[in-house]
Amino acid sequence: MAHRKAGGTAKNLRDSNPKYLGTKLYEGQVAKTGMVIVRQRGTRIMPGEHVGLGKDHTLFALANGTVTFGTKRKTGFNGKTTVKKVAHVRPTEVITKKEKVSKKAAK
């Protein structure tokens, strides 16, 4: 004999782990090579200059520089034009050791 009356079962006690999606570097921030700019599902934001696209649609910097965002008109297969967001990395000037030495010698 059971000591307690049988209770009902609960259906919604499971939850998925957080995915931490979203923009990681905003406009004007400095990006180093390989840094994640945006984690997203699908290409809500397209890769632009010096930005790569990962297999999970993550945008990452391909060069050192400053992050900027813009828009681009894209025409779909059905002829419909949509405006998409685009992420860019504007490279900063890289000064080599030879250039530093030549600038000091010029003074």
# chains A, B, ... in the order shown; residues from 1 in each chain; ligands from 1
$ residues_around --residues "A:Lys55" --least-positions-apart "4" --cutoff "12 Å" --atoms "only C-alpha atoms" --output "short mmCIF file (atom, residue, chain, number, x, y, z; two decimals) with C-alpha atoms, in the first residue's frame"
data_model
loop_
_atom_site.label_atom_id
_atom_site.label_comp_id
_atom_site.auth_asym_id
_atom_site.auth_seq_id
_atom_site.Cartn_x
_atom_site.Cartn_y
_atom_site.Cartn_z
CA ARG A 39 27.21 36.68 -31.71
CA GLN A 40 23.97 36.01 -33.59
CA ARG A 41 21.61 33.41 -35.00
CA GLY A 42 21.51 33.86 -38.76
CA THR A 43 23.10 36.82 -40.53
CA LEU A 59 31.21 38.17 -36.72
CA PHE A 60 34.88 38.61 -35.76
#
$ select_by_dssp --residues "stretch 16-71 of chain A" --states "strand (DSSP E or B)" --output "number ranges by chain"
A: 22-23, 30-31, 36-39, 45-47, 51-53, 59-61, 65-71
$ closest_residue --among "A:Leu53, A:Lys19, A:Ala61, A:Arg4" --to "A:Gly34" --atoms "only C-alpha atoms"
A:Ala61
$ select_by_dssp --residues "chain A" --states "alpha helix (DSSP H)" --output "JSON, numbers by chain"
{"A": [97, 98, 99, 100, 101, 102, 103, 104, 105, 106]}
$ write_last_selection --atoms "C-alpha atoms" --output "mmCIF file, in the first residue's frame"
data_model
loop_
_atom_site.group_PDB
_atom_site.id
_atom_site.type_symbol
_atom_site.label_atom_id
_atom_site.label_comp_id
_atom_site.auth_asym_id
_atom_site.auth_seq_id
_atom_site.Cartn_x
_atom_site.Cartn_y
_atom_site.Cartn_z
ATOM 1 C CA LYS A 97 60.160 49.760 -36.322
ATOM 2 C CA LYS A 98 61.823 51.034 -39.524
ATOM 3 C CA GLU A 99 59.339 53.926 -39.749
ATOM 4 C CA LYS A 100 59.958 54.825 -36.076
ATOM 5 C CA VAL A 101 63.724 54.861 -36.644
ATOM 6 C CA SER A 102 63.404 56.970 -39.817
ATOM 7 C CA LYS A 103 61.133 59.486 -38.004
ATOM 8 C CA LYS A 104 63.665 59.836 -35.172
ATOM 9 C CA ALA A 105 66.513 60.258 -37.686
ATOM 10 C CA ALA A 106 64.547 62.998 -39.512
#
$ closest_residue --among "A:Gly52, A:Gly22, A:Pro47, A:Pro91" --to "A:Lys72" --atoms "only C-alpha atoms"
A:Pro47
$ decode --residues "stretch 18-61 of chain A" --atoms "N, CA and C atoms" --output "tab-separated table (two decimals), in the first residue's frame"
chain	number	residue	atom	x	y	z
A	18	PRO	N	21.85	29.53	-21.16
A	18	PRO	CA	21.90	30.81	-21.88
A	18	PRO	C	22.93	30.78	-23.00
A	19	LYS	N	22.65	31.45	-24.10
A	19	LYS	CA	23.54	31.44	-25.27
A	19	LYS	C	24.39	32.70	-25.38
A	20	TYR	N	24.11	33.72	-24.59
A	20	TYR	CA	24.91	34.95	-24.55
A	20	TYR	C	25.10	35.57	-25.94
A	21	LEU	N	24.01	35.73	-26.67
A	21	LEU	CA	24.06	36.34	-27.99
A	21	LEU	C	24.05	37.85	-27.87
A	22	GLY	N	24.40	38.52	-28.95
A	22	GLY	CA	24.31	39.98	-28.99
A	22	GLY	C	25.61	40.64	-29.42
A	23	THR	N	25.62	41.95	-29.38
A	23	THR	CA	26.78	42.74	-29.78
A	23	THR	C	27.80	42.76	-28.65
A	24	LYS	N	29.02	42.38	-28.96
A	24	LYS	CA	30.10	42.35	-27.96
A	24	LYS	C	30.99	43.59	-28.04
A	25	LEU	N	31.16	44.14	-29.25
A	25	LEU	CA	31.93	45.37	-29.43
A	25	LEU	C	31.04	46.37	-30.17
A	26	TYR	N	30.90	47.57	-29.61
A	26	TYR	CA	30.02	48.58	-30.19
A	26	TYR	C	30.83	49.54	-31.06
A	27	GLU	N	30.12	50.40	-31.79
A	27	GLU	CA	30.76	51.33	-32.70
A	27	GLU	C	31.74	52.25	-31.95
A	28	GLY	N	32.93	52.39	-32.53
A	28	GLY	CA	33.96	53.24	-31.94
A	28	GLY	C	34.91	52.50	-31.03
A	29	GLN	N	34.57	51.26	-30.64
A	29	GLN	CA	35.46	50.50	-29.77
A	29	GLN	C	36.59	49.89	-30.59
A	30	VAL	N	37.73	49.66	-29.95
A	30	VAL	CA	38.91	49.12	-30.62
A	30	VAL	C	38.83	47.59	-30.62
A	31	ALA	N	39.04	47.00	-31.80
A	31	ALA	CA	39.02	45.55	-31.95
A	31	ALA	C	40.40	45.05	-32.33
A	32	LYS	N	40.82	43.97	-31.71
A	32	LYS	CA	42.06	43.30	-32.10
A	32	LYS	C	41.69	42.10	-32.97
A	33	THR	N	42.63	41.61	-33.72
A	33	THR	CA	42.39	40.49	-34.62
A	33	THR	C	41.84	39.30	-33.85
A	34	GLY	N	40.72	38.75	-34.34
A	34	GLY	CA	40.11	37.58	-33.72
A	34	GLY	C	39.04	37.89	-32.69
A	35	MET	N	38.91	39.13	-32.28
A	35	MET	CA	37.90	39.48	-31.27
A	35	MET	C	36.49	39.37	-31.85
A	36	VAL	N	35.56	38.86	-31.05
A	36	VAL	CA	34.17	38.70	-31.49
A	36	VAL	C	33.49	40.07	-31.45
A	37	ILE	N	32.82	40.41	-32.55
A	37	ILE	CA	32.08	41.67	-32.63
A	37	ILE	C	30.61	41.43	-32.31
A	38	VAL	N	30.00	40.41	-32.95
A	38	VAL	CA	28.58	40.09	-32.74
A	38	VAL	C	28.40	38.58	-32.72
A	39	ARG	N	27.64	38.08	-31.72
A	39	ARG	CA	27.21	36.68	-31.71
A	39	ARG	C	25.73	36.69	-32.05
A	40	GLN	N	25.34	35.93	-33.10
A	40	GLN	CA	23.97	36.01	-33.59
A	40	GLN	C	23.51	34.68	-34.16
A	41	ARG	N	22.22	34.56	-34.33
A	41	ARG	CA	21.61	33.41	-35.00
A	41	ARG	C	21.16	33.88	-36.37
A	42	GLY	N	21.77	33.36	-37.41
A	42	GLY	CA	21.51	33.86	-38.76
A	42	GLY	C	22.31	35.13	-38.99
A	43	THR	N	22.32	35.62	-40.22
A	43	THR	CA	23.10	36.82	-40.53
A	43	THR	C	22.22	38.06	-40.44
A	44	ARG	N	21.81	38.41	-39.22
A	44	ARG	CA	21.06	39.65	-39.00
A	44	ARG	C	21.95	40.84	-39.35
A	45	ILE	N	23.25	40.73	-39.01
A	45	ILE	CA	24.24	41.75	-39.36
A	45	ILE	C	25.25	41.07	-40.28
A	46	MET	N	25.53	41.67	-41.43
A	46	MET	CA	26.43	41.09	-42.42
A	46	MET	C	27.87	41.50	-42.13
A	47	PRO	N	28.85	40.66	-42.53
A	47	PRO	CA	30.26	41.06	-42.38
A	47	PRO	C	30.66	42.05	-43.47
A	48	GLY	N	31.43	43.06	-43.08
A	48	GLY	CA	31.91	44.06	-44.03
A	48	GLY	C	33.43	43.97	-44.16
A	49	GLU	N	34.09	45.13	-44.27
A	49	GLU	CA	35.54	45.19	-44.45
A	49	GLU	C	36.25	44.69	-43.21
A	50	HIS	N	37.19	43.78	-43.38
A	50	HIS	CA	38.04	43.24	-42.32
A	50	HIS	C	37.23	42.55	-41.22
A	51	VAL	N	36.09	41.96	-41.60
A	51	VAL	CA	35.24	41.21	-40.66
A	51	VAL	C	34.97	39.84	-41.25
A	52	GLY	N	35.16	38.79	-40.43
A	52	GLY	CA	34.91	37.43	-40.87
A	52	GLY	C	33.60	36.91	-40.32
A	53	LEU	N	33.11	35.80	-40.93
A	53	LEU	CA	31.85	35.19	-40.54
A	53	LEU	C	32.13	33.74	-40.14
A	54	GLY	N	31.82	33.39	-38.88
A	54	GLY	CA	32.03	32.03	-38.39
A	54	GLY	C	30.91	31.11	-38.83
A	55	LYS	N	31.08	29.81	-38.57
A	55	LYS	CA	30.07	28.84	-39.02
A	55	LYS	C	28.76	28.98	-38.24
A	56	ASP	N	28.80	29.60	-37.06
A	56	ASP	CA	27.57	29.88	-36.31
A	56	ASP	C	27.12	31.33	-36.49
A	57	HIS	N	27.59	31.97	-37.59
A	57	HIS	CA	27.24	33.35	-37.98
A	57	HIS	C	27.82	34.40	-37.03
A	58	THR	N	28.85	34.05	-36.26
A	58	THR	CA	29.53	35.01	-35.40
A	58	THR	C	30.41	35.92	-36.26
A	59	LEU	N	30.35	37.22	-36.02
A	59	LEU	CA	31.21	38.17	-36.72
A	59	LEU	C	32.45	38.44	-35.87
A	60	PHE	N	33.63	38.39	-36.49
A	60	PHE	CA	34.88	38.61	-35.76
A	60	PHE	C	35.83	39.46	-36.59
A	61	ALA	N	36.74	40.14	-35.92
A	61	ALA	CA	37.67	41.06	-36.57
A	61	ALA	C	38.80	40.29	-37.25
